[in-house]
file run_38.cif (mmCIF, C-alpha atoms and all ligand atoms)
data_protein
#
loop_
_atom_site.label_atom_id
_atom_site.label_comp_id
_atom_site.auth_asym_id
_atom_site.auth_seq_id
_atom_site.Cartn_x
_atom_site.Cartn_y
_atom_site.Cartn_z
CA MET A 1 5.18 -28.67 -25.87
CA PRO A 2 7.28 -31.59 -24.63
CA GLU A 3 8.57 -32.21 -21.14
CA TYR A 4 12.34 -31.84 -21.43
CA LYS A 5 14.55 -34.45 -19.84
CA VAL A 6 17.44 -32.62 -18.22
CA ALA A 7 20.44 -34.37 -16.67
CA THR A 8 22.00 -32.38 -13.84
CA ILE A 9 25.62 -32.91 -12.78
CA PRO A 10 26.31 -30.41 -9.98
CA ALA A 11 29.68 -32.12 -9.24
CA ASP A 12 31.88 -30.08 -6.89
CA GLY A 13 32.11 -26.98 -4.70
CA ILE A 14 29.74 -24.13 -5.53
CA GLY A 15 28.58 -26.14 -8.55
CA ILE A 16 26.25 -27.94 -6.15
CA GLU A 17 24.83 -24.65 -4.85
CA VAL A 18 24.28 -22.92 -8.19
CA ILE A 19 22.73 -25.95 -9.90
CA ALA A 20 20.25 -26.39 -7.02
CA ALA A 21 19.29 -22.71 -7.46
CA THR A 22 18.97 -23.12 -11.23
CA LYS A 23 16.61 -26.09 -10.87
CA GLU A 24 14.40 -24.00 -8.60
CA VAL A 25 14.31 -21.17 -11.13
CA LEU A 26 13.47 -23.53 -14.00
CA ALA A 27 10.74 -25.16 -11.92
CA ALA A 28 9.26 -21.70 -11.28
CA LEU A 29 9.45 -20.90 -14.98
CA GLU A 30 7.19 -23.87 -15.69
CA PHE A 31 4.35 -21.93 -14.07
CA GLN A 32 4.97 -18.90 -16.28
CA VAL A 33 5.15 -20.51 -19.71
CA SER A 34 2.21 -22.65 -20.64
CA GLY A 35 3.10 -26.22 -21.51
CA LEU A 36 6.75 -25.91 -20.50
CA GLY A 37 7.98 -28.81 -18.38
CA PHE A 38 11.23 -30.30 -17.14
CA SER A 39 12.09 -33.59 -15.54
CA PHE A 40 15.45 -33.48 -13.81
CA THR A 41 17.67 -36.48 -13.18
CA ASP A 42 20.56 -35.84 -10.79
CA PHE A 43 23.89 -37.55 -11.24
CA ASP A 44 26.26 -37.63 -8.27
CA TRP A 45 29.36 -37.68 -10.45
CA GLY A 46 32.40 -35.63 -9.50
CA SER A 47 35.19 -35.67 -6.93
CA GLU A 48 33.24 -37.55 -4.25
CA HIS A 49 32.40 -40.22 -6.82
CA TYR A 50 36.14 -40.39 -7.62
CA ARG A 51 37.07 -40.86 -3.96
CA LYS A 52 34.61 -43.74 -3.63
CA ASN A 53 35.00 -45.41 -7.03
CA GLY A 54 38.32 -44.25 -8.48
CA ARG A 55 36.62 -42.54 -11.40
CA MET A 56 34.77 -39.27 -11.89
CA MET A 57 31.81 -40.92 -13.60
CA PRO A 58 30.79 -44.50 -14.30
CA ALA A 59 32.10 -46.29 -17.39
CA ASP A 60 28.67 -46.10 -19.02
CA GLY A 61 28.21 -42.41 -18.08
CA LEU A 62 28.26 -41.09 -21.64
CA GLU A 63 25.74 -43.70 -22.78
CA ARG A 64 23.39 -42.71 -19.96
CA LEU A 65 23.63 -39.03 -20.86
CA LYS A 66 22.62 -39.70 -24.46
CA ALA A 67 19.03 -40.28 -23.31
CA PHE A 68 18.62 -36.62 -22.25
CA ASP A 69 17.61 -33.45 -24.07
CA ALA A 70 20.22 -31.36 -22.28
CA ILE A 71 22.76 -31.43 -19.46
CA LEU A 72 23.20 -28.82 -16.72
CA PHE A 73 26.68 -28.98 -15.24
CA GLY A 74 27.97 -27.23 -12.10
CA ALA A 75 31.73 -27.13 -11.56
CA VAL A 76 34.54 -29.58 -11.19
CA GLY A 77 37.64 -29.54 -9.02
CA ALA A 78 38.71 -30.54 -5.51
CA ALA A 79 41.67 -29.59 -3.34
CA ASP A 80 42.80 -33.20 -2.78
CA ILE A 81 42.61 -34.44 -6.41
CA PRO A 82 44.83 -33.14 -9.23
CA ASP A 83 42.91 -30.81 -11.54
CA HIS A 84 43.81 -32.74 -14.68
CA ILE A 85 42.11 -35.84 -13.24
CA THR A 86 38.89 -34.08 -12.30
CA LEU A 87 38.75 -32.10 -15.54
CA TRP A 88 39.58 -34.89 -17.96
CA GLY A 89 37.54 -37.41 -15.99
CA LEU A 90 34.30 -35.48 -16.26
CA ARG A 91 33.99 -32.19 -18.12
CA ILE A 92 36.34 -32.87 -21.02
CA ALA A 93 35.21 -36.51 -21.15
CA ILE A 94 31.64 -35.34 -21.73
CA CYS A 95 32.48 -32.51 -24.17
CA GLN A 96 34.68 -34.75 -26.32
CA GLY A 97 32.57 -37.91 -25.86
CA LEU A 98 29.39 -36.15 -26.99
CA ASP A 99 31.25 -34.15 -29.66
CA GLN A 100 30.12 -30.80 -28.20
CA TYR A 101 32.52 -28.99 -30.45
CA ALA A 102 31.17 -25.46 -30.18
CA ASN A 103 31.67 -23.76 -26.85
CA VAL A 104 29.72 -20.51 -26.77
CA ARG A 105 30.55 -17.90 -24.12
CA PRO A 106 28.59 -14.63 -24.15
CA THR A 107 29.59 -11.65 -22.03
CA ARG A 108 27.89 -8.40 -21.20
CA ILE A 109 27.48 -6.08 -18.28
CA PHE A 110 24.12 -6.49 -16.58
CA PRO A 111 22.06 -3.54 -15.34
CA GLY A 112 23.01 -2.57 -11.80
CA ILE A 113 26.54 -3.98 -12.06
CA THR A 114 29.51 -1.64 -11.88
CA PRO A 115 32.19 -3.03 -14.18
CA PRO A 116 35.73 -3.16 -12.79
CA LEU A 117 37.12 -0.93 -15.56
CA ARG A 118 36.19 2.69 -14.99
CA ASN A 119 35.98 3.55 -18.68
CA CYS A 120 34.05 0.50 -19.85
CA LYS A 121 30.48 1.56 -20.57
CA ARG A 122 27.76 -1.04 -20.35
CA GLU A 123 26.79 -0.72 -24.02
CA ASN A 124 30.42 -1.20 -25.10
CA LEU A 125 30.78 -4.78 -23.90
CA ASN A 126 28.51 -7.23 -25.65
CA ILE A 127 30.57 -10.05 -27.08
CA VAL A 128 30.33 -13.76 -27.62
CA ILE A 129 33.39 -15.96 -27.68
CA VAL A 130 33.26 -19.20 -29.68
CA ARG A 131 35.76 -21.70 -28.38
CA GLU A 132 36.82 -24.80 -30.31
CA ASN A 133 35.99 -27.47 -27.79
CA THR A 134 37.29 -30.84 -28.90
CA GLU A 135 40.85 -30.58 -30.23
CA GLY A 136 43.69 -28.04 -30.47
CA GLU A 137 45.81 -27.69 -27.36
CA TYR A 138 43.43 -29.90 -25.33
CA SER A 139 43.45 -32.86 -27.68
CA GLY A 140 45.20 -35.01 -25.11
CA GLN A 141 48.11 -35.86 -27.42
CA GLY A 142 51.55 -36.09 -25.90
CA GLY A 143 53.38 -37.97 -23.21
CA ARG A 144 56.10 -38.14 -20.58
CA SER A 145 59.24 -40.23 -20.67
CA HIS A 146 62.44 -40.70 -18.64
CA ARG A 147 60.60 -39.67 -15.51
CA GLY A 148 62.86 -38.46 -12.73
CA PHE A 149 65.97 -38.24 -14.93
CA PRO A 150 67.60 -35.00 -16.06
CA GLU A 151 66.56 -35.85 -19.61
CA GLU A 152 62.91 -36.22 -18.61
CA VAL A 153 60.71 -34.96 -21.42
CA ALA A 154 57.04 -33.95 -21.69
CA THR A 155 55.16 -33.13 -24.86
CA GLU A 156 51.72 -31.55 -25.20
CA VAL A 157 50.84 -31.61 -28.86
CA SER A 158 48.25 -29.30 -30.36
CA VAL A 159 46.18 -31.03 -32.99
CA PHE A 160 44.25 -29.08 -35.63
CA THR A 161 42.25 -31.02 -38.20
CA ARG A 162 40.70 -29.53 -41.32
CA SER A 163 37.28 -30.87 -40.34
CA GLY A 164 37.65 -29.59 -36.76
CA VAL A 165 38.74 -26.09 -37.71
CA GLU A 166 36.32 -25.80 -40.60
CA ARG A 167 33.27 -26.73 -38.55
CA ILE A 168 34.04 -24.30 -35.72
CA MET A 169 34.83 -21.54 -38.21
CA ARG A 170 31.56 -22.14 -40.04
CA PHE A 171 29.67 -22.13 -36.73
CA ALA A 172 31.32 -18.82 -35.74
CA PHE A 173 30.54 -17.16 -39.08
CA GLN A 174 26.92 -18.32 -38.81
CA LEU A 175 26.65 -16.98 -35.26
CA ALA A 176 28.19 -13.65 -36.32
CA GLN A 177 25.75 -13.50 -39.22
CA SER A 178 22.81 -14.01 -36.85
CA ARG A 179 23.82 -11.08 -34.63
CA PRO A 180 22.94 -7.49 -35.53
CA ARG A 181 26.50 -6.25 -36.11
CA LYS A 182 27.57 -9.24 -38.28
CA LEU A 183 31.13 -8.84 -37.07
CA LEU A 184 33.67 -11.63 -36.46
CA THR A 185 37.23 -11.56 -35.13
CA VAL A 186 39.38 -14.64 -35.70
CA VAL A 187 42.03 -15.04 -33.00
CA THR A 188 45.28 -16.96 -33.53
CA LYS A 189 48.98 -16.72 -32.82
CA SER A 190 49.97 -17.19 -36.42
CA ASN A 191 53.04 -15.00 -36.25
CA ALA A 192 54.82 -17.42 -33.91
CA GLN A 193 52.97 -20.71 -34.45
CA LYS A 194 53.51 -21.11 -38.14
CA HIS A 195 51.76 -24.43 -38.76
CA GLY A 196 48.49 -24.88 -36.90
CA MET A 197 47.71 -21.20 -36.53
CA VAL A 198 48.45 -20.33 -40.15
CA PHE A 199 46.14 -23.24 -40.99
CA TRP A 200 43.42 -21.49 -38.92
CA ASP A 201 43.93 -18.24 -40.80
CA GLU A 202 43.73 -20.00 -44.17
CA ILE A 203 40.53 -21.83 -43.25
CA ALA A 204 38.98 -18.60 -41.96
CA GLU A 205 39.70 -17.04 -45.34
CA GLU A 206 38.11 -19.99 -47.16
CA VAL A 207 34.98 -20.13 -45.00
CA SER A 208 34.51 -16.35 -45.16
CA ARG A 209 33.75 -16.62 -48.87
CA ASP A 210 30.38 -18.18 -47.95
CA PHE A 211 29.53 -15.25 -45.66
CA ALA A 212 29.83 -12.14 -47.77
CA ASP A 213 27.65 -10.13 -45.35
CA VAL A 214 29.92 -10.80 -42.35
CA THR A 215 32.73 -8.33 -41.72
CA TRP A 216 35.71 -10.12 -40.24
CA ASP A 217 39.24 -9.45 -39.11
CA LYS A 218 42.17 -11.27 -37.52
CA GLU A 219 43.84 -10.60 -34.19
CA LEU A 220 46.77 -12.22 -32.40
CA VAL A 221 45.81 -13.55 -29.00
CA ASP A 222 48.19 -11.32 -27.06
CA ALA A 223 46.92 -8.20 -28.84
CA MET A 224 43.40 -9.46 -28.23
CA THR A 225 43.75 -9.14 -24.44
CA VAL A 226 44.58 -5.46 -24.93
CA ARG A 227 41.75 -4.89 -27.43
CA MET A 228 39.19 -6.60 -25.19
CA THR A 229 40.28 -4.46 -22.26
CA LEU A 230 40.67 -1.08 -23.99
CA LYS A 231 38.41 -1.26 -27.05
CA PRO A 232 35.69 -3.85 -26.39
CA GLU A 233 33.28 -1.85 -28.56
CA THR A 234 35.24 -2.96 -31.66
CA LEU A 235 34.31 -6.60 -30.95
CA ASP A 236 31.19 -8.69 -31.35
CA THR A 237 31.71 -12.38 -32.18
CA ILE A 238 35.13 -13.91 -31.53
CA VAL A 239 36.42 -17.35 -32.51
CA ALA A 240 39.55 -18.90 -31.03
CA THR A 241 41.23 -22.21 -30.23
CA ASN A 242 40.48 -24.30 -27.18
CA LEU A 243 43.28 -22.77 -25.07
CA HIS A 244 43.15 -19.20 -26.34
CA ALA A 245 39.38 -18.93 -25.91
CA ASP A 246 39.59 -20.52 -22.46
CA ILE A 247 41.87 -17.70 -21.35
CA LEU A 248 40.08 -14.90 -23.20
CA SER A 249 36.72 -15.89 -21.75
CA ASP A 250 38.01 -15.62 -18.17
CA LEU A 251 39.13 -12.10 -19.07
CA ALA A 252 35.72 -11.42 -20.58
CA GLY A 253 34.03 -12.67 -17.40
CA ALA A 254 36.19 -10.39 -15.28
CA LEU A 255 35.41 -7.40 -17.53
CA SER A 256 31.71 -8.02 -17.03
CA GLY A 257 32.11 -7.84 -13.25
CA SER A 258 32.78 -11.39 -12.06
CA LEU A 259 33.34 -14.95 -13.19
CA GLY A 260 30.07 -15.55 -11.40
CA MET A 261 28.26 -13.81 -14.27
CA ALA A 262 29.75 -15.85 -17.15
CA PRO A 263 27.96 -18.82 -18.77
CA THR A 264 28.94 -21.46 -21.32
CA ALA A 265 27.07 -23.64 -23.76
CA ASN A 266 28.89 -26.75 -24.97
CA LEU A 267 26.95 -27.40 -28.14
CA ASP A 268 26.64 -30.23 -30.56
CA PRO A 269 25.19 -28.02 -33.30
CA GLU A 270 24.13 -31.08 -35.31
CA ARG A 271 22.05 -32.26 -32.32
CA ARG A 272 23.22 -35.87 -32.50
CA PHE A 273 23.85 -35.72 -28.75
CA PRO A 274 22.64 -33.59 -25.83
CA SER A 275 24.43 -30.28 -25.33
CA MET A 276 25.79 -29.24 -21.96
CA PHE A 277 25.40 -25.91 -20.18
CA GLU A 278 27.74 -24.83 -17.37
CA PRO A 279 28.95 -21.66 -15.70
CA ILE A 280 32.53 -20.74 -16.64
CA HIS A 281 33.67 -20.59 -13.03
CA GLY A 282 35.18 -23.51 -11.15
CA SER A 283 34.33 -24.97 -7.77
CA ALA A 284 35.62 -21.89 -5.86
CA PHE A 285 36.63 -23.52 -2.56
CA ASP A 286 37.05 -20.14 -0.91
CA ILE A 287 33.31 -19.55 -0.86
CA THR A 288 31.92 -23.10 -0.98
CA GLY A 289 29.24 -23.69 1.65
CA LYS A 290 28.98 -20.02 2.59
CA GLY A 291 25.76 -19.48 0.65
CA ILE A 292 27.13 -16.52 -1.30
CA ALA A 293 27.93 -18.08 -4.68
CA ASN A 294 26.64 -15.93 -7.51
CA PRO A 295 24.04 -18.04 -9.31
CA ILE A 296 23.59 -15.65 -12.28
CA ALA A 297 26.11 -17.44 -14.53
CA SER A 298 24.22 -20.65 -13.98
CA PHE A 299 20.83 -18.95 -14.59
CA TRP A 300 22.21 -17.54 -17.84
CA CYS A 301 23.25 -21.12 -18.75
CA ALA A 302 19.61 -22.07 -18.32
CA VAL A 303 18.71 -19.28 -20.76
CA GLN A 304 21.21 -20.72 -23.24
CA MET A 305 19.70 -24.17 -22.73
CA LEU A 306 16.18 -22.85 -23.40
CA GLU A 307 17.39 -21.10 -26.56
CA HIS A 308 19.04 -24.32 -27.75
CA LEU A 309 15.81 -26.23 -27.09
CA GLY A 310 13.92 -23.66 -29.17
CA GLU A 311 12.03 -22.25 -26.15
CA THR A 312 12.52 -18.63 -27.15
CA GLU A 313 9.70 -17.17 -25.05
CA ALA A 314 10.87 -18.93 -21.90
CA ALA A 315 14.48 -17.91 -22.55
CA GLN A 316 13.46 -14.28 -22.94
CA LYS A 317 11.34 -14.40 -19.79
CA LEU A 318 14.16 -15.78 -17.71
CA MET A 319 16.68 -13.29 -19.10
CA THR A 320 14.35 -10.39 -18.31
CA ALA A 321 13.90 -11.70 -14.76
CA ILE A 322 17.69 -11.88 -14.31
CA GLU A 323 18.09 -8.31 -15.55
CA ARG A 324 15.33 -7.04 -13.25
CA THR A 325 17.04 -8.73 -10.33
CA THR A 326 20.48 -7.22 -10.90
CA GLU A 327 18.94 -3.84 -11.68
CA ALA A 328 17.04 -3.93 -8.39
CA GLY A 329 20.36 -4.43 -6.57
CA TYR A 330 20.13 -8.10 -5.60
CA LEU A 331 23.85 -8.76 -5.99
CA THR A 332 26.18 -11.27 -4.35
CA PRO A 333 29.50 -10.04 -2.85
CA ASP A 334 31.58 -10.88 -5.94
CA VAL A 335 29.73 -8.10 -7.79
CA GLY A 336 29.75 -5.69 -4.89
CA GLY A 337 26.51 -6.62 -3.12
CA THR A 338 25.54 -8.30 0.12
CA ALA A 339 22.86 -10.70 -1.12
CA THR A 340 23.07 -14.45 -0.65
CA THR A 341 22.54 -17.11 -3.30
CA ARG A 342 19.14 -17.71 -1.71
CA GLU A 343 18.12 -14.05 -1.93
CA VAL A 344 19.18 -13.69 -5.56
CA THR A 345 17.37 -16.92 -6.45
CA ASP A 346 14.18 -15.81 -4.69
CA ALA A 347 14.37 -12.42 -6.41
CA VAL A 348 14.68 -14.02 -9.86
CA ILE A 349 11.75 -16.33 -9.09
CA GLU A 350 9.64 -13.38 -7.95
CA SER A 351 10.66 -11.42 -11.05
CA LEU A 352 9.45 -14.20 -13.32
CA ASP A 353 5.99 -13.18 -12.25
CA TYR A 354 5.64 -9.78 -13.88
CA LYS A 355 2.79 -8.84 -11.56
CA ARG A 356 5.05 -9.11 -8.56
CA THR A 357 8.47 -7.77 -9.58
CA VAL A 358 11.50 -7.43 -7.36
CA VAL A 359 10.86 -3.71 -7.33
CA ASN A 360 7.62 -4.45 -5.45
CA LEU A 361 9.49 -6.88 -3.26
CA LYS A 362 11.85 -4.17 -2.10
CA SER A 363 9.14 -1.74 -1.10
P1 LIG B 401 39.04 -23.70 -11.41
O1 LIG B 401 38.23 -24.93 -11.27
O2 LIG B 401 38.91 -23.05 -12.77
O3 LIG B 401 40.45 -23.85 -10.93
P2 LIG B 401 38.54 -22.12 -9.01
O4 LIG B 401 37.86 -22.99 -8.05
O5 LIG B 401 39.94 -21.74 -8.76
O6 LIG B 401 38.31 -22.64 -10.49
P3 LIG B 401 37.38 -19.95 -10.30
O7 LIG B 401 36.12 -20.38 -10.85
O8 LIG B 401 38.54 -19.81 -11.21
O9 LIG B 401 37.72 -20.82 -9.04
O10 LIG B 401 37.10 -18.60 -9.60
C1 LIG B 401 38.12 -17.83 -8.99
C2 LIG B 401 37.50 -17.07 -7.86
O11 LIG B 401 36.44 -16.24 -8.33
C3 LIG B 401 36.83 -17.99 -6.86
O12 LIG B 401 37.77 -18.49 -5.95
C4 LIG B 401 35.77 -17.10 -6.25
O13 LIG B 401 36.34 -16.29 -5.25
C5 LIG B 401 35.35 -16.23 -7.43
N1 LIG B 401 34.14 -16.80 -8.06
C6 LIG B 401 34.09 -17.63 -9.11
N2 LIG B 401 32.81 -17.97 -9.39
C7 LIG B 401 32.05 -17.31 -8.48
C8 LIG B 401 30.65 -17.26 -8.23
N3 LIG B 401 29.76 -17.95 -8.97
N4 LIG B 401 30.23 -16.50 -7.22
C9 LIG B 401 31.08 -15.81 -6.48
N5 LIG B 401 32.41 -15.82 -6.64
C10 LIG B 401 32.90 -16.57 -7.64
#
call {"tool": "encode", "arguments": {"input": "run_38.cif", "output": "structure tokens", "more": "lines below"}}
Ligand code: ATP
result
Amino acid sequence: MPEYKVATIPADGIGIEVIAATKEVLAALEFQVSGLGFSFTDFDWGSEHYRKNGRMMPADGLERLKAFDAILFGAVGAADIPDHITLWGLRIAICQGLDQYANVRPTRIFPGITPPLRNCKRENLNIVIVRENTEGEYSGQGGRSHRGFPEEVATEVSVFTRSGVERIMRFAFQLAQSRPRKLLTVVTKSNAQKHGMVFWDEIAEEVSRDFADVTWDKELVDAMTVRMTLKPETLDTIVATNLHADILSDLAGALSGSLGMAPTANLDPERRFPSMFEPIHGSAFDITGKGIANPIASFWCAVQMLEHLGETEAAQKLMTAIERTTEAGYLTPDVGGTATTREVTDAVIESLDYKRTVVNLKS
């Protein structure tokens, strides 16, 4: 088994705290799975790098990342720098630069967590959102002119290419096919957006012909918020544009209990470049430095990374340890507990060793 070279970019806010915790957990996992090894290389890119150098990462940043098997990313955003600079300068620059076109965002309710919606049973929410990650509304096309005049104009152009839509649709159908329910919902706004979104619907229809065993339907994004909230059991795999899936996955995270539980994989399914794994949440200034950031989203990212690397046994082991930890009540305040990041991390590490579970720890 190889030693995996993992680039870590903790970046800003609680990203620094949860990535440190995730490295500890992965280091502990090395002792549990024979032959598994990681070498971590930390990159100090992010808002502090911007303050010192005027850019979020060095000019050769993408080239340097290409040498790694995977990237673990924390969070980006700072109070004194506009969000579009921090986001485009680092996260989007990496996703687009390494053509990580499939953004995969699973959601479920972990044992021991009380979901915010009274009627949402644990078994009813088990979905995965596939977000198109390189074009659409975040393609960066548009501009501003006549600044400061009454006729000032700004355009933000959504770009949908046949190759871009087709590849994400194919990825989503394949993912749906690999899951037990073989169920896919294609989200658009094709009643109002009659060009790009109708194009999505047409391509979904075309691609579906290659996946006869996948049951699929269409939903408008506004109706989707209602369906996710009131009838999550009717959903399994979901595919949507860059913007729509961005919004829907925050809702999904909230339904599962907290944004602190929600992970993301930014995948290059063709494996030309390293893929990047990051929690959905941002830098969360309100809790930065308090030691109470929920590290579970980031741990789940590590599970996604292990799955992508083909380390199925290690992925399963880590997921089981996370579930044992939440079930035993080691929860940070965002999910109703009183545990610190440190305590949750220690509990997951202890749970990795089946002989000494967190249940023993508590007694
Ligand atoms: P963004 O960079 O997207 O603007 P943000 O810094 O505003 O992000 P979000 O990630 O959107 O923060 O999270 C909103 C709030 O949810 C946070 O301010 C925090 O209170 C809570 N939260 C998010 N992630 C976590 C976490 N891992 N642990 C605990 N609370 C969290």
call {"tool": "residues_near_ligand", "arguments": {"input": "run_38.cif", "ligand": "ligand LIG 401 (chain B)", "cutoff": "9 Å", "atoms": "only C-alpha atoms and all ligand atoms", "output": "ChimeraX atom specification"}}
result
/A:13-15,18,75-79,83,87,250,258-262,279-288,292-298,332-335,341
call {"tool": "closest_residue", "arguments": {"input": "run_38.cif", "among": "A:Asp42, A:Glu137, A:Glu30, A:Glu307", "to": "Asn242 of chain A", "atoms": "only C-alpha atoms"}}
result
A:Glu137
call {"tool": "residues_near_point", "arguments": {"input": "run_38.cif", "point": "(16.3, -18.1, -15.1)", "cutoff": "8 Å", "atoms": "all atoms listed in the file", "output": "list of chain:residue names"}}
result
A:Thr22, A:Val25, A:Leu26, A:Leu29, A:Phe299, A:Trp300, A:Ala302, A:Val303, A:Ala315, A:Lys317, A:Leu318, A:Met319, A:Ala321, A:Ile322, A:Val348, A:Ile349
call {"tool": "closest_residue", "arguments": {"input": "run_38.cif", "among": "A:Gly54, A:Phe68, A:Glu350, A:Ser275", "to": "Phe40 of chain A", "atoms": "all atoms listed in the file"}}
result
A:Phe68
call {"tool": "residues_around", "arguments": {"input": "run_38.cif", "residues": "Trp88 of chain A", "least_positions_apart": "6", "cutoff": "10 Å", "atoms": "all atoms listed in the file", "output": "ChimeraX atom specification"}}
result
/A:56,76,94-96,138,140
call {"tool": "closest_residue", "arguments": {"input": "run_38.cif", "among": "A:Gly148, A:Ala328, A:Thr338, A:Ile127", "to": "Ala252 of chain A", "atoms": "all atoms listed in the file"}}
result
A:Ile127
call {"tool": "residues_near_point", "arguments": {"input": "run_38.cif", "point": "(24.3, -7.8, -17.8)", "cutoff": "12 Å", "atoms": "only C-alpha atoms", "output": "PyMOL selection string"}}
result
chain A and resi 106-115+121-127+253+255-258+260-263+296-297+300+319-327+331+335
call {"tool": "atom_distance", "arguments": {"input": "run_38.cif", "atom1": "atom CA of Thr185 of chain A", "atom2": "atom CA of Arg271 of chain A"}}
result
25.8 Å
call {"tool": "closest_residue", "arguments": {"input": "run_38.cif", "among": "A:Gln141, A:Thr155, A:Gln304, A:Thr237", "to": "Leu184 of chain A", "atoms": "all atoms listed in the file"}}
result
A:Thr237
call {"tool": "residues_around", "arguments": {"input": "run_38.cif", "residues": "Gly142 of chain A", "least_positions_apart": "2", "cutoff": "10 Å", "atoms": "only C-alpha atoms", "output": "ChimeraX atom specification"}}
result
/A:139-140,144,154-158
call {"tool": "residues_around", "arguments": {"input": "run_38.cif", "residues": "segment 217-230 of chain A", "least_positions_apart": "3", "cutoff": "9 Å", "atoms": "only C-alpha atoms", "output": "list in words"}}
result
Leu117, Asn119, Cys120, Leu125, Leu183, Leu184, Thr185, Val186, Val187, Thr188, Lys189, Ser190, Asn191, Asp201, Glu233, Thr234, Leu235, Ala240, His244, Ala245, Leu248, Leu251, Ala252 and Leu255 of chain A
call {"tool": "residues_around", "arguments": {"input": "run_38.cif", "residues": "Ala70 of chain A", "least_positions_apart": "2", "cutoff": "10 Å", "atoms": "all atoms listed in the file", "output": "PyMOL selection string"}}
result
chain A and resi 4-8+40+65-68+72-73+267+273-277+305-306+308-309
